[in-house]
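> This is the structure, below, for whatever I ask next.
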Amino acid sequence: MFVIEERDEVRQRLLALAEADERVVAAAITGSHAAGAGDEWSDVDLAFGIRGDLLAALEHWTALLYGDFAALHHWDLPAGSTVYRVFLLPGWLEVDIAFTPAAEFGPLGPSWHTVFGQTVELAPPAPPRRDDLAGLAWHHVLHARACIERGKPWQAEYWISGVREQVLALACLRLGHTTRYAKGADLLPPELTAPLEGTLVRSLDEAELRRGLAAAAAALITELERADSALAARLRPLLDATARLPRRRAQALGR
């Protein structure tokens with residue numbers, strides 16, 4: 001595992017290389033370090049404003065990370081005009097570099113510290129809509145039930161976990177915390193998160209999957225009652241029935 005000094009040295013080397021690269025007209029530190037919340041587990045998070053061909057800059061920096069920093073792997077997360085290229089270095093050091101056209105380079109939130117160059121004013125991204133999170137949650141309940149009935153336990157567990165994720169996101173949205181990647185989940189009060197422990201599936205046994213699904217449906221109803229009582233009242237009969245229904249297909253097959 002990397003140590004703090006190694007990580008900080010990598011960050012400084014990358015910033016020095018960026019300032020010497022004519023394609024990089026601006027750079028910023030992003031993520032937890034920019035917000036003053038970095039710790040020994042934090043990654044290296046940078047953003048580069050690129051002049052000219054973005055693809056050429058990506059290719060150059062990828063070769064640099066492999067050649068000079070011994071990168072082991074990388075993958076991309078596109079977002080609008082930005083490409084987040086995520087590198088894995090030895091010692092499990094993750095380096096995330098956002099490559100953005102210079103004309104669109106600027107902070108989208110508070111986790112940003114400009115190191116050099118100019119930034120532009122950007123509108124912050126809109127938070128997710130409550131109806132979208134609620135819709136994903138009931139969708140996942142429905143599909144978890146179908147997978148149990150079809151005898152697909154791994155897929156059922158996937159959807160049950162998805163219900164829990166959406167319930168956490170709904171609670172974070174209601175209380176003003178970050179919703180993405182469960183970043184706000186550990187800021188929620190215990191009385192909200194304790195019931196969600198029951199949604200953790202302990203085995204792929206059918207009875208256990210049904211128990212976990214029932215707990216997830218109940219947690220969804222509880223959160224919706226706090227956020228949108230009218231929607232909770234409309235969905236409660238279906239969610240309650242979904243969690244209680246017997247395995248009709250198995251009965252029809254005589255199993």
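Every chain in the structure tokens has a letter given in the order shown (A, B, ...), and although residue numbers restart at 1 in each chain, ligands are simply numbered from 1 in the order shown.
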Can you tell me which residues surround Ser161 (chain A) at a distance of at most 10 Å, considering only C-alpha atoms, apart from same-chain residues fewer than 3 positions away, and format the answer as a list in words?

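Counting only the stated atoms, we get His140, Val141, Ala144, Gln155, Ala156, Glu157, Tyr158, Arg164, Glu165, Gln166, Thr199, Leu200, Val201, Gly212, Leu213 and Ala216 of chain A.
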
> Which residues are near Glu94 (chain A)? Cut-off 10 Å, only C-alpha atoms, ignore same chain within fewer than 5 positions. Put them as an NGL selection string.

:A and (2 or 7 or 41-45 or 71 or 73-74 or 86-89)

> Write to file, as a short mmCIF file (atom, residue, chain, number, x, y, z; two decimals), in the first residue's frame, the residues of the selection just made, with C-alpha atoms.


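See part20.cif below for the written result:
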```cif
data_model
loop_
_atom_site.label_atom_id
_atom_site.label_comp_id
_atom_site.auth_asym_id
_atom_site.auth_seq_id
_atom_site.Cartn_x
_atom_site.Cartn_y
_atom_site.Cartn_z
CA PHE A 2 1.31 3.47 -0.86
CA ARG A 7 1.28 9.91 -3.05
CA TRP A 41 -6.44 6.63 1.98
CA SER A 42 -7.16 9.50 -0.39
CA ASP A 43 -6.34 9.26 -4.10
CA VAL A 44 -4.61 11.76 -6.36
CA ASP A 45 -7.36 13.80 -8.05
CA ALA A 71 0.83 2.52 -14.28
CA HIS A 73 -4.13 -0.20 -15.76
CA HIS A 74 -6.52 2.63 -16.67
CA VAL A 86 -8.46 6.72 -13.93
CA PHE A 87 -5.03 5.12 -13.47
CA LEU A 88 -3.86 2.44 -11.07
CA LEU A 89 -0.24 2.81 -9.94
#
```

> Give me, as a list in words, all polymer residues having an atom no more than 7 Å from Ala28 (chain A), counting only C-alpha atoms and skipping those fewer than 4 positions away in the same chain.

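My list of contacting residues is Leu46, Ala47, Phe48, Trp112, His113, Thr114 and Val115 of chain A.
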
> Any chance you could export the current selection's N, CA and C atoms as a compact mmCIF listing (two decimals), in the first residue's frame?


```
# COMPACT_ATOMS: atom_id res chain seq x y z
N LEU A 46 -6.82 15.17 -9.98
CA LEU A 46 -6.39 16.38 -10.68
C LEU A 46 -7.33 16.66 -11.84
N ALA A 47 -7.34 17.91 -12.28
CA ALA A 47 -8.10 18.30 -13.46
C ALA A 47 -7.21 19.17 -14.33
N PHE A 48 -7.19 18.90 -15.63
CA PHE A 48 -6.37 19.65 -16.58
C PHE A 48 -7.28 20.31 -17.62
N TRP A 112 -12.33 21.86 -5.16
CA TRP A 112 -11.53 22.36 -6.29
C TRP A 112 -10.54 23.38 -5.79
N HIS A 113 -9.28 23.24 -6.20
CA HIS A 113 -8.25 24.23 -5.89
C HIS A 113 -7.42 24.45 -7.15
N THR A 114 -7.56 25.63 -7.75
CA THR A 114 -6.82 25.93 -8.97
C THR A 114 -5.34 26.10 -8.65
N VAL A 115 -4.49 25.38 -9.41
CA VAL A 115 -3.05 25.47 -9.22
C VAL A 115 -2.44 26.49 -10.17
```

> In terms of the shortest atom-to-atom distance over only C-alpha atoms, which of A:Gly31, A:Gly117, A:Gly49, A:Gly162 is closest to Phe99 (chain A)?

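Going through A:Gly31, A:Gly117, A:Gly49, A:Gly162 one by one, the smallest distance to Phe99 (chain A) is for A:Gly49.
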
> Rank nothing, just name the residue among A:Val24, A:Leu188, A:Ala171, A:Ala241 nearest to Ala219 (chain A), using only C-alpha atoms.

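The answer is A:Ala171, which sits nearest to Ala219 (chain A).
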
> Would you return as a PyMOL selection string the members of region 47-247 of chain A that DSSP assigns to strand (DSSP E or B) on this structure's backbone?

chain A and resi 47-50+73-79+82-89+93-101+112-116

> Hey, what does DSSP flag as helix (DSSP H, G or I) within region 29-252 of chain A? Can you give it to me as a VMD selection string?

chain A and resid 31 to 34 54 to 69 102 to 104 130 to 149 153 to 175 180 to 182 185 to 187 190 to 199 206 to 227 229 to 244 248 to 252
